[in-house]
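Asker: The structure file data15.json (JSON, C-alpha atoms) is provided below.
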[["chain", "number", "residue", "atom", "x", "y", "z"],
["A", 12, "MET", "CA", 20.16, 14.03, 7.75],
["A", 13, "GLU", "CA", 18.57, 15.50, 10.82],
["A", 14, "LYS", "CA", 18.85, 13.45, 13.98],
["A", 15, "MET", "CA", 15.68, 11.58, 14.81],
["A", 16, "PHE", "CA", 16.15, 11.72, 18.59],
["A", 17, "MET", "CA", 17.37, 14.51, 20.82],
["A", 18, "VAL", "CA", 17.45, 14.67, 24.63],
["A", 19, "LYS", "CA", 17.53, 17.85, 26.67],
["A", 20, "ASP", "CA", 16.55, 18.45, 30.31],
["A", 21, "GLY", "CA", 14.44, 15.31, 30.61],
["A", 22, "TRP", "CA", 12.63, 15.92, 27.33],
["A", 23, "LEU", "CA", 13.00, 13.57, 24.38],
["A", 24, "THR", "CA", 12.31, 15.25, 21.05],
["A", 25, "ILE", "CA", 11.46, 12.89, 18.21],
["A", 26, "THR", "CA", 11.70, 14.31, 14.71],
["A", 27, "MET", "CA", 8.88, 12.54, 12.92],
["A", 28, "PRO", "CA", 9.45, 11.35, 9.34],
["A", 29, "GLU", "CA", 7.87, 12.86, 6.25],
["A", 30, "GLU", "CA", 5.54, 9.87, 5.96],
["A", 31, "MET", "CA", 4.49, 8.49, 9.34],
["A", 32, "ASP", "CA", 3.10, 5.05, 8.50],
["A", 33, "HIS", "CA", 3.47, 1.44, 9.65],
["A", 34, "HIS", "CA", 6.74, 1.12, 7.72],
["A", 35, "LYS", "CA", 8.35, 3.83, 9.86],
["A", 36, "ALA", "CA", 6.62, 2.99, 13.15],
["A", 37, "GLU", "CA", 8.92, 0.27, 14.43],
["A", 38, "GLU", "CA", 12.13, 2.25, 14.05],
["A", 39, "ILE", "CA", 10.68, 5.17, 15.99],
["A", 40, "ARG", "CA", 9.13, 2.98, 18.66],
["A", 41, "GLU", "CA", 12.34, 1.07, 19.35],
["A", 42, "GLY", "CA", 14.56, 4.13, 19.20],
["A", 43, "ALA", "CA", 12.31, 6.10, 21.53],
["A", 44, "ASP", "CA", 12.02, 3.29, 24.04],
["A", 45, "ASP", "CA", 15.83, 3.01, 24.31],
["A", 46, "TYR", "CA", 15.83, 6.60, 25.53],
["A", 47, "LEU", "CA", 12.81, 6.11, 27.79],
["A", 48, "LEU", "CA", 14.47, 3.10, 29.43],
["A", 49, "SER", "CA", 17.70, 5.05, 29.97],
["A", 50, "GLY", "CA", 15.93, 6.93, 32.75],
["A", 51, "LYS", "CA", 17.12, 10.32, 31.48],
["A", 52, "VAL", "CA", 13.84, 11.14, 29.85],
["A", 53, "LEU", "CA", 10.46, 11.92, 31.39],
["A", 54, "HIS", "CA", 8.59, 13.82, 28.66],
["A", 55, "VAL", "CA", 8.28, 13.32, 24.92],
["A", 56, "ILE", "CA", 7.85, 15.87, 22.13],
["A", 57, "PHE", "CA", 6.80, 14.62, 18.72],
["A", 58, "ASP", "CA", 8.02, 17.20, 16.22],
["A", 59, "PHE", "CA", 5.93, 17.08, 13.04],
["A", 60, "SER", "CA", 7.73, 19.91, 11.20],
["A", 61, "ASN", "CA", 8.69, 17.60, 8.32],
["A", 62, "THR", "CA", 5.62, 15.37, 8.36],
["A", 63, "LYS", "CA", 3.21, 15.48, 5.44],
["A", 64, "PHE", "CA", 1.37, 12.20, 5.97],
["A", 65, "MET", "CA", 0.29, 10.20, 9.00],
["A", 66, "ASP", "CA", -2.12, 7.29, 9.39],
["A", 67, "SER", "CA", -3.27, 5.27, 12.41],
["A", 68, "SER", "CA", 0.21, 3.74, 12.77],
["A", 69, "GLY", "CA", 1.38, 7.17, 13.95],
["A", 70, "ILE", "CA", -1.43, 7.27, 16.47],
["A", 71, "GLY", "CA", -0.22, 3.91, 17.77],
["A", 72, "VAL", "CA", 3.31, 5.27, 18.20],
["A", 73, "ILE", "CA", 2.12, 8.37, 20.10],
["A", 74, "ALA", "CA", -0.34, 6.43, 22.29],
["A", 75, "GLY", "CA", 2.31, 3.83, 23.09],
["A", 76, "ARG", "CA", 4.82, 6.44, 24.29],
["A", 77, "TYR", "CA", 2.06, 8.18, 26.26],
["A", 78, "LYS", "CA", 1.33, 4.94, 28.11],
["A", 79, "LYS", "CA", 5.00, 4.57, 29.01],
["A", 80, "VAL", "CA", 5.69, 8.09, 30.29],
["A", 81, "SER", "CA", 2.32, 8.92, 31.83],
["A", 82, "CYS", "CA", 2.68, 6.39, 34.63],
["A", 83, "TYR", "CA", 5.73, 8.38, 35.83],
["A", 84, "GLY", "CA", 3.95, 11.70, 35.42],
["A", 85, "GLY", "CA", 5.51, 12.43, 32.04],
["A", 86, "LYS", "CA", 3.88, 14.55, 29.37],
["A", 87, "VAL", "CA", 3.51, 14.07, 25.63],
["A", 88, "VAL", "CA", 3.45, 17.01, 23.26],
["A", 89, "ALA", "CA", 2.78, 17.16, 19.51],
["A", 90, "ALA", "CA", 4.53, 20.15, 17.96],
["A", 91, "HIS", "CA", 4.40, 21.85, 14.54],
["A", 92, "ALA", "CA", 1.69, 19.55, 13.21],
["A", 93, "ASN", "CA", -0.03, 20.73, 10.03],
["A", 94, "SER", "CA", -3.83, 20.80, 9.81],
["A", 95, "ARG", "CA", -4.00, 17.29, 8.38],
["A", 96, "ILE", "CA", -1.94, 15.75, 11.18],
["A", 97, "ARG", "CA", -4.01, 17.66, 13.75],
["A", 98, "LYS", "CA", -7.18, 16.29, 12.22],
["A", 99, "ILE", "CA", -5.85, 12.72, 12.48],
["A", 100, "ILE", "CA", -4.82, 13.28, 16.11],
["A", 101, "MET", "CA", -8.22, 14.81, 16.93],
["A", 102, "LEU", "CA", -10.16, 11.98, 15.29],
["A", 103, "SER", "CA", -8.20, 9.45, 17.33],
["A", 104, "GLY", "CA", -9.23, 11.08, 20.61],
["A", 105, "LEU", "CA", -5.59, 11.57, 21.68],
["A", 106, "THR", "CA", -6.24, 15.29, 22.17],
["A", 107, "ASP", "CA", -7.53, 14.45, 25.65],
["A", 108, "LEU", "CA", -4.17, 12.97, 26.60],
["A", 109, "ILE", "CA", -1.54, 15.00, 24.83],
["A", 110, "GLU", "CA", -0.82, 18.66, 24.31],
["A", 111, "ILE", "CA", -0.75, 20.17, 20.82],
["A", 112, "VAL", "CA", 1.47, 23.21, 20.32],
["A", 113, "ASP", "CA", 2.60, 25.32, 17.35],
["B", 1, "MET", "CA", -22.86, 0.19, 5.22],
["B", 2, "VAL", "CA", -24.96, -2.92, 5.72],
["B", 3, "LYS", "CA", -25.97, -4.24, 2.33],
["B", 4, "GLN", "CA", -26.42, -7.62, 0.80],
["B", 5, "LYS", "CA", -23.17, -9.27, -0.06],
["B", 6, "GLU", "CA", -24.25, -9.91, -3.66],
["B", 7, "ALA", "CA", -25.36, -6.33, -4.03],
["B", 8, "TRP", "CA", -21.85, -5.16, -3.25],
["B", 9, "SER", "CA", -19.95, -7.40, -5.64],
["B", 10, "ASN", "CA", -22.58, -6.80, -8.33],
["B", 11, "GLY", "CA", -22.49, -3.07, -7.74],
["B", 12, "TRP", "CA", -18.72, -3.11, -8.06],
["B", 13, "GLN", "CA", -18.98, -5.01, -11.35],
["B", 14, "MET", "CA", -21.80, -2.91, -12.78],
["B", 15, "ASN", "CA", -20.33, 0.46, -11.94],
["B", 16, "GLN", "CA", -17.03, -0.70, -13.33],
["B", 17, "GLU", "CA", -18.60, -1.15, -16.76],
["B", 18, "GLU", "CA", -19.51, 2.53, -16.71],
["B", 19, "ALA", "CA", -16.09, 3.56, -15.47],
["B", 20, "ALA", "CA", -14.22, 6.31, -17.25],
["B", 21, "ASN", "CA", -10.92, 4.80, -16.21],
["B", 22, "ARG", "CA", -9.59, 1.99, -14.06],
["B", 23, "MET", "CA", -6.38, 0.72, -12.49],
["B", 24, "GLU", "CA", -5.07, -2.41, -10.86],
["B", 25, "LEU", "CA", -1.94, -2.79, -8.78],
["B", 26, "ARG", "CA", -0.46, -5.91, -7.23],
["B", 27, "ILE", "CA", 2.13, -5.58, -4.52],
["B", 28, "MET", "CA", 4.02, -7.97, -2.28],
["B", 29, "PRO", "CA", 2.82, -7.59, 1.32],
["B", 30, "LEU", "CA", 5.81, -5.52, 2.47],
["B", 31, "SER", "CA", 5.59, -2.36, 4.55],
["B", 32, "GLU", "CA", 7.84, -0.60, 2.01],
["B", 33, "ASN", "CA", 4.93, -0.81, -0.45],
["B", 34, "GLU", "CA", 2.41, 1.03, 1.74],
["B", 35, "SER", "CA", 3.49, 4.47, 0.54],
["B", 36, "PHE", "CA", 3.72, 3.26, -3.06],
["B", 37, "ALA", "CA", 0.13, 1.97, -2.94],
["B", 38, "ARG", "CA", -1.42, 5.13, -1.48],
["B", 39, "VAL", "CA", 0.57, 7.46, -3.73],
["B", 40, "ALA", "CA", -0.40, 5.43, -6.83],
["B", 41, "VAL", "CA", -4.12, 5.73, -6.03],
["B", 42, "ALA", "CA", -3.70, 9.42, -5.20],
["B", 43, "ALA", "CA", -2.02, 10.05, -8.56],
["B", 44, "PHE", "CA", -4.74, 8.09, -10.37],
["B", 45, "MET", "CA", -7.55, 10.14, -8.82],
["B", 46, "THR", "CA", -6.09, 13.50, -9.90],
["B", 47, "GLN", "CA", -8.08, 13.00, -13.13],
["B", 48, "LEU", "CA", -11.20, 13.90, -11.12],
["B", 49, "ASP", "CA", -9.62, 17.21, -10.12],
["B", 50, "PRO", "CA", -9.92, 16.57, -6.37],
["B", 51, "THR", "CA", -9.17, 19.03, -3.59],
["B", 52, "LEU", "CA", -6.02, 18.50, -1.56],
["B", 53, "GLU", "CA", -8.15, 17.33, 1.35],
["B", 54, "GLU", "CA", -9.93, 14.73, -0.78],
["B", 55, "VAL", "CA", -6.57, 13.37, -1.92],
["B", 56, "GLU", "CA", -5.34, 13.14, 1.68],
["B", 57, "ASP", "CA", -8.56, 11.41, 2.76],
["B", 58, "VAL", "CA", -8.17, 8.75, 0.07],
["B", 59, "LYS", "CA", -4.45, 8.31, 0.80],
["B", 60, "THR", "CA", -5.18, 7.71, 4.48],
["B", 61, "ALA", "CA", -7.97, 5.23, 3.77],
["B", 62, "VAL", "CA", -5.84, 3.28, 1.26],
["B", 63, "SER", "CA", -2.93, 3.25, 3.67],
["B", 64, "GLU", "CA", -5.12, 1.84, 6.45],
["B", 65, "ALA", "CA", -6.55, -0.93, 4.27],
["B", 66, "VAL", "CA", -3.21, -1.94, 2.74],
["B", 67, "THR", "CA", -1.52, -1.89, 6.16],
["B", 68, "ASN", "CA", -4.30, -4.11, 7.54],
["B", 69, "SER", "CA", -3.71, -6.62, 4.75],
["B", 70, "ILE", "CA", 0.04, -6.66, 5.39],
["B", 71, "ILE", "CA", -0.08, -6.82, 9.20],
["B", 72, "HIS", "CA", -3.25, -8.78, 9.84],
["B", 73, "GLY", "CA", -4.08, -10.57, 6.58],
["B", 74, "TYR", "CA", -0.54, -11.77, 6.01],
["B", 75, "GLU", "CA", 0.51, -11.47, 9.67],
["B", 76, "ASN", "CA", 3.51, -9.28, 8.82],
["B", 77, "LYS", "CA", 5.33, -12.26, 7.32],
["B", 78, "GLY", "CA", 5.58, -11.13, 3.72],
["B", 79, "GLY", "CA", 5.41, -14.04, 1.30],
["B", 80, "ASP", "CA", 4.36, -14.38, -2.32],
["B", 81, "LYS", "CA", 0.65, -13.74, -2.02],
["B", 82, "PRO", "CA", -0.29, -10.26, -3.17],
["B", 83, "VAL", "CA", -2.25, -7.30, -1.91],
["B", 84, "ILE", "CA", -4.38, -6.24, -4.88],
["B", 85, "ILE", "CA", -5.45, -2.63, -5.16],
["B", 86, "GLU", "CA", -8.10, -1.82, -7.75],
["B", 87, "ALA", "CA", -9.75, 1.50, -8.41],
["B", 88, "TYR", "CA", -12.02, 3.01, -10.99],
["B", 89, "LEU", "CA", -13.48, 6.41, -11.65],
["B", 90, "THR", "CA", -17.08, 7.15, -12.51],
["B", 91, "HIS", "CA", -18.63, 10.59, -12.71],
["B", 92, "ARG", "CA", -17.15, 12.44, -9.73],
["B", 93, "ARG", "CA", -16.56, 9.31, -7.68],
["B", 94, "ILE", "CA", -13.61, 7.05, -6.95],
["B", 95, "HIS", "CA", -14.30, 3.39, -6.15],
["B", 96, "ILE", "CA", -11.55, 1.38, -4.47],
["B", 97, "LYS", "CA", -11.19, -2.32, -3.73],
["B", 98, "ILE", "CA", -8.35, -3.70, -1.62],
["B", 99, "GLU", "CA", -7.98, -7.43, -1.41],
["B", 100, "ASP", "CA", -5.71, -9.95, 0.27],
["B", 101, "ARG", "CA", -5.66, -13.74, 0.34],
["B", 102, "GLY", "CA", -4.61, -13.87, 3.98],
["B", 103, "VAL", "CA", -6.04, -15.27, 7.20],
["B", 104, "GLY", "CA", -9.32, -13.35, 7.08],
["B", 105, "ILE", "CA", -11.18, -11.60, 9.89],
["B", 106, "ASP", "CA", -12.84, -13.64, 12.60],
["B", 107, "ASP", "CA", -15.47, -11.06, 13.60],
["B", 108, "ILE", "CA", -15.82, -8.12, 11.22],
["B", 109, "GLY", "CA", -18.17, -6.16, 13.49],
["B", 110, "ARG", "CA", -15.68, -6.32, 16.29],
["B", 111, "ALA", "CA", -12.70, -5.55, 14.06],
["B", 112, "MET", "CA", -14.43, -2.37, 12.94],
["B", 113, "GLU", "CA", -15.00, -1.06, 16.45],
["B", 114, "PRO", "CA", -12.76, 1.92, 17.16],
["B", 115, "LEU", "CA", -9.76, 1.03, 19.37],
["B", 116, "PHE", "CA", -10.25, -2.71, 18.92],
["B", 117, "THR", "CA", -7.03, -4.42, 17.87],
["B", 118, "THR", "CA", -5.82, -8.00, 17.82],
["B", 119, "LYS", "CA", -2.24, -6.75, 17.85],
["B", 120, "PRO", "CA", -1.74, -4.47, 20.86],
["B", 121, "GLU", "CA", 1.85, -5.74, 21.12],
["B", 122, "LEU", "CA", 2.54, -4.02, 17.80],
["B", 123, "GLU", "CA", 0.90, -0.88, 19.17],
["B", 124, "ARG", "CA", -1.79, -0.91, 16.57],
["B", 125, "SER", "CA", -4.15, 1.87, 17.56],
["B", 126, "GLY", "CA", -7.31, 0.06, 16.45],
["B", 127, "MET", "CA", -8.29, 3.11, 14.44],
["B", 128, "GLY", "CA", -7.79, 1.68, 10.94],
["B", 129, "PHE", "CA", -11.41, 0.97, 10.03],
["B", 130, "ALA", "CA", -12.60, 4.07, 11.89],
["B", 131, "PHE", "CA", -10.34, 6.21, 9.70],
["B", 132, "MET", "CA", -11.52, 4.46, 6.52],
["B", 133, "GLU", "CA", -15.09, 5.16, 7.60],
["B", 134, "ALA", "CA", -14.35, 8.77, 8.50],
["B", 135, "PHE", "CA", -12.54, 9.64, 5.30],
["B", 136, "MET", "CA", -14.62, 7.76, 2.71],
["B", 137, "ASP", "CA", -18.36, 7.95, 1.95],
["B", 138, "GLU", "CA", -18.89, 4.21, 1.76],
["B", 139, "LEU", "CA", -17.10, 1.29, 3.34],
["B", 140, "HIS", "CA", -17.92, -2.38, 3.06],
["B", 141, "VAL", "CA", -15.81, -5.30, 4.26],
["B", 142, "GLU", "CA", -16.07, -8.95, 3.30],
["B", 143, "SER", "CA", -13.92, -11.64, 4.83],
["B", 144, "LYS", "CA", -13.64, -15.37, 5.08],
["B", 145, "GLN", "CA", -11.37, -17.07, 7.58],
["B", 146, "GLY", "CA", -8.47, -18.71, 5.82],
["B", 147, "ARG", "CA", -9.46, -17.13, 2.50],
["B", 148, "GLY", "CA", -8.79, -13.43, 2.86],
["B", 149, "THR", "CA", -10.42, -10.04, 3.11],
["B", 150, "VAL", "CA", -11.84, -7.54, 0.62],
["B", 151, "VAL", "CA", -12.45, -3.89, 1.49],
["B", 152, "TYR", "CA", -14.68, -1.81, -0.81],
["B", 153, "MET", "CA", -14.67, 1.96, -0.41],
["B", 154, "SER", "CA", -15.92, 4.88, -2.43],
["B", 155, "LYS", "CA", -15.88, 8.63, -2.18],
["B", 156, "GLN", "CA", -17.46, 11.48, -4.08],
["B", 157, "ILE", "CA", -14.86, 13.86, -5.46],
["B", 158, "GLY", "CA", -15.55, 17.52, -6.14],
["B", 159, "GLY", "CA", -18.98, 19.05, -6.41],
["B", 160, "GLN", "CA", -19.65, 18.84, -2.68]]
Translate the structure described by the file into structure tokens.

Answerer:
Amino acid sequence: MEKMFMVKDGWLTITMPEEMDHHKAEEIREGADDYLLSGKVLHVIFDFSNTKFMDSSGIGVIAGRYKKVSCYGGKVVAAHANSRIRKIIMLSGLTDLIEIVD
Amino acid sequence: MVKQKEAWSNGWQMNQEEAANRMELRIMPLSENESFARVAVAAFMTQLDPTLEEVEDVKTAVSEAVTNSIIHGYENKGGDKPVIIEAYLTHRRIHIKIEDRGVGIDDIGRAMEPLFTTKPELERSGMGFAFMEAFMDELHVESKQGRGTVVYMSKQIGGQ
């Protein structure tokens, strides 16, 4: 299985699950915050390459990490999101806070 | 969205009599069952020959309602009381009812405001009802404190 978390040069990359719902949210939240607390990470990339479904629980996970890193000047990026995931992110209003890249 | 309470329950009953097909699913309020519930409804609605986007819209709305029942209705504690998912199909429309016997909603108007959440510590985004509203044509919520919550939703499928 692919590793869920990867750190490089101050960036934490989180490989998002195929189904990003409430059931998966806690594991990602706790895992990510361990890295954020380690002090080796400033920015977060959510990699949606494998993700086919996301509901508002995913929005909660992204917004929560944004709150944590933004007060230290960190950035949050959503990468490789399909059109559905982009739509969910746009509807939530998070597009004003995070960067969306291919 | 604002209709008489009786009108909604009656409408649900009446339309159901004309339904071409119907389903009912009872699940324990466990987060593991969220994907099962939304995939079951998605599979059921394929009879209406929906577009991929329509299927995704319904899956998201069902996921939001079922997650609400598990987290808020049953306060994430599991237990023996069920989340009941019912759906029926009429001509080009899916009707969905999601019910729990949990704590109920104190102030429905407030709960439905985007970004409002009673559980910020769980990082709930407060977007659940907003997504249900965005992805379905109709949404109606009934709740009684200490008795539980019922969410009615419907969406036209195809022919748009």

Asker: Return as JSON lines the residues of chain A lying at most 12 Å from chain B, together with the closest atom-to-atom pair for each and the distance in Å to one decimal, counting all atoms listed in the file, with rows in chain order and ascending residue number.

Answerer:
{"residue": "A:Glu29", "atom": "CA", "partner": "B:Ser35", "partner_atom": "CA", "distance": 11.1}
{"residue": "A:Glu30", "atom": "CA", "partner": "B:Ser35", "partner_atom": "CA", "distance": 7.9}
{"residue": "A:Met31", "atom": "CA", "partner": "B:Ser35", "partner_atom": "CA", "distance": 9.7}
{"residue": "A:Asp32", "atom": "CA", "partner": "B:Glu34", "partner_atom": "CA", "distance": 7.9}
{"residue": "A:His33", "atom": "CA", "partner": "B:Ser31", "partner_atom": "CA", "distance": 6.7}
{"residue": "A:His34", "atom": "CA", "partner": "B:Ser31", "partner_atom": "CA", "distance": 4.8}
{"residue": "A:Lys35", "atom": "CA", "partner": "B:Ser31", "partner_atom": "CA", "distance": 8.6}
{"residue": "A:Ala36", "atom": "CA", "partner": "B:Glu123", "partner_atom": "CA", "distance": 9.2}
{"residue": "A:Glu37", "atom": "CA", "partner": "B:Leu122", "partner_atom": "CA", "distance": 8.4}
{"residue": "A:Ile39", "atom": "CA", "partner": "B:Glu123", "partner_atom": "CA", "distance": 11.9}
{"residue": "A:Arg40", "atom": "CA", "partner": "B:Glu123", "partner_atom": "CA", "distance": 9.1}
{"residue": "A:Glu41", "atom": "CA", "partner": "B:Leu122", "partner_atom": "CA", "distance": 11.2}
{"residue": "A:Lys63", "atom": "CA", "partner": "B:Glu56", "partner_atom": "CA", "distance": 9.6}
{"residue": "A:Phe64", "atom": "CA", "partner": "B:Glu56", "partner_atom": "CA", "distance": 8.0}
{"residue": "A:Met65", "atom": "CA", "partner": "B:Thr60", "partner_atom": "CA", "distance": 7.5}
{"residue": "A:Asp66", "atom": "CA", "partner": "B:Thr60", "partner_atom": "CA", "distance": 5.8}
{"residue": "A:Ser67", "atom": "CA", "partner": "B:Met127", "partner_atom": "CA", "distance": 5.8}
{"residue": "A:Ser68", "atom": "CA", "partner": "B:Arg124", "partner_atom": "CA", "distance": 6.3}
{"residue": "A:Gly69", "atom": "CA", "partner": "B:Ser125", "partner_atom": "CA", "distance": 8.5}
{"residue": "A:Ile70", "atom": "CA", "partner": "B:Ser125", "partner_atom": "CA", "distance": 6.1}
{"residue": "A:Gly71", "atom": "CA", "partner": "B:Ser125", "partner_atom": "CA", "distance": 4.4}
{"residue": "A:Val72", "atom": "CA", "partner": "B:Glu123", "partner_atom": "CA", "distance": 6.7}
{"residue": "A:Ile73", "atom": "CA", "partner": "B:Glu123", "partner_atom": "CA", "distance": 9.4}
{"residue": "A:Ala74", "atom": "CA", "partner": "B:Ser125", "partner_atom": "CA", "distance": 7.6}
{"residue": "A:Gly75", "atom": "CA", "partner": "B:Glu123", "partner_atom": "CA", "distance": 6.3}
{"residue": "A:Arg76", "atom": "CA", "partner": "B:Glu123", "partner_atom": "CA", "distance": 9.8}
{"residue": "A:Tyr77", "atom": "CA", "partner": "B:Glu123", "partner_atom": "CA", "distance": 11.6}
{"residue": "A:Lys78", "atom": "CA", "partner": "B:Glu123", "partner_atom": "CA", "distance": 10.7}
{"residue": "A:Lys79", "atom": "CA", "partner": "B:Glu123", "partner_atom": "CA", "distance": 12.0}
{"residue": "A:Ser94", "atom": "CA", "partner": "B:Glu53", "partner_atom": "CA", "distance": 10.1}
{"residue": "A:Arg95", "atom": "CA", "partner": "B:Glu56", "partner_atom": "CA", "distance": 8.0}
{"residue": "A:Ile96", "atom": "CA", "partner": "B:Glu56", "partner_atom": "CA", "distance": 10.4}
{"residue": "A:Lys98", "atom": "CA", "partner": "B:Asp57", "partner_atom": "CA", "distance": 10.7}
{"residue": "A:Ile99", "atom": "CA", "partner": "B:Phe131", "partner_atom": "CA", "distance": 8.4}
{"residue": "A:Ile100", "atom": "CA", "partner": "B:Met127", "partner_atom": "CA", "distance": 10.9}
{"residue": "A:Met101", "atom": "CA", "partner": "B:Phe131", "partner_atom": "CA", "distance": 11.4}
{"residue": "A:Leu102", "atom": "CA", "partner": "B:Phe131", "partner_atom": "CA", "distance": 8.0}
{"residue": "A:Ser103", "atom": "CA", "partner": "B:Met127", "partner_atom": "CA", "distance": 7.0}
{"residue": "A:Gly104", "atom": "CA", "partner": "B:Met127", "partner_atom": "CA", "distance": 10.1}
{"residue": "A:Leu105", "atom": "CA", "partner": "B:Ser125", "partner_atom": "CA", "distance": 10.6}

Asker: Rounded to one decimal in Å, what is the spacing between atom CA of A:Val88 and atom CA of A:Val55?

Answerer: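 Atom-to-atom, atom CA of A:Val88 and atom CA of A:Val55 are spaced 6.3 Å apart.
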
Asker: I want to know what sits within 9 Å of B:Ala19, based on all atoms listed in the file, with residues of the same chain fewer than 5 positions away left out; could you give that as a ChimeraX atom specification?

Answerer: /B:88-91

Asker: Grab the atom CA of B:Leu52 to atom CA of B:His140 distance for me, in Å with one decimal place.

Answerer: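 Atom CA of B:His140 lies 24.5 Å from atom CA of B:Leu52.
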
Asker: Could you check how far atom CA of A:Thr24 sits from atom CA of B:Val66, in Å to one decimal?

Answerer: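 It comes out at 29.5 Å.
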
Asker: Pick the closest to B:Phe44 from B:Val103, B:Ile96, B:Val141, B:Met14: which is it, counting all atoms listed in the file?

Answerer: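 Among the listed residues, B:Ile96 lies closest to B:Phe44.
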
Asker: Using only C-alpha atoms, find the one residue out of B:Trp12, B:Phe135, B:Phe116, B:Phe36 that sits nearest to B:His95.

Answerer: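 Once distances to B:His95 are computed over only C-alpha atoms, the minimum belongs to B:Trp12.
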
Asker: My list of candidates is B:Val58, B:Arg101, B:Arg38, B:Arg92. Which is closest to B:Asp80 when distances are computed with all atoms listed in the file?

Answerer: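 Looking at the shortest contact to B:Asp80, the residue is B:Arg101.
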
Asker: So which one's closest to A:Val112, A:Ser81, A:Ile56, A:Leu23, A:Leu47? Using all atoms listed in the file, please.

Answerer: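 Among A:Ser81, A:Ile56, A:Leu23, A:Leu47, it is A:Ile56 that comes nearest to A:Val112.
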
Asker: Excluding B:Gly148 and residues on its chain fewer than 4 positions from it, collect all residues at most 8 Å away from it, counting all atoms listed in the file, and give them as a count of residues only.

Answerer: 10

Asker: Find the residues near B:Leu139: any atom within 9 Å, counting all atoms listed in the file, skip ones fewer than 5 places away on the same chain, and give them as an mmCIF file with C-alpha atoms, in the coordinates of the input.

Answerer:
data_model
loop_
_atom_site.group_PDB
_atom_site.id
_atom_site.type_symbol
_atom_site.label_atom_id
_atom_site.label_comp_id
_atom_site.auth_asym_id
_atom_site.auth_seq_id
_atom_site.Cartn_x
_atom_site.Cartn_y
_atom_site.Cartn_z
ATOM 1 C CA MET B 1 -22.860 0.190 5.220
ATOM 2 C CA PHE B 129 -11.410 0.970 10.030
ATOM 3 C CA MET B 132 -11.520 4.460 6.520
ATOM 4 C CA GLU B 133 -15.090 5.160 7.600
ATOM 5 C CA VAL B 151 -12.450 -3.890 1.490
ATOM 6 C CA TYR B 152 -14.680 -1.810 -0.810
ATOM 7 C CA MET B 153 -14.670 1.960 -0.410
ATOM 8 C CA SER B 154 -15.920 4.880 -2.430
#

Asker: Which residue gives the smallest distance to A:Met15 among A:Asp58, A:Asp45, A:Lys51, A:Asn93, with all atoms listed in the file counted?

Answerer: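 The shortest atom-to-atom distance to A:Met15 comes from A:Asp58.
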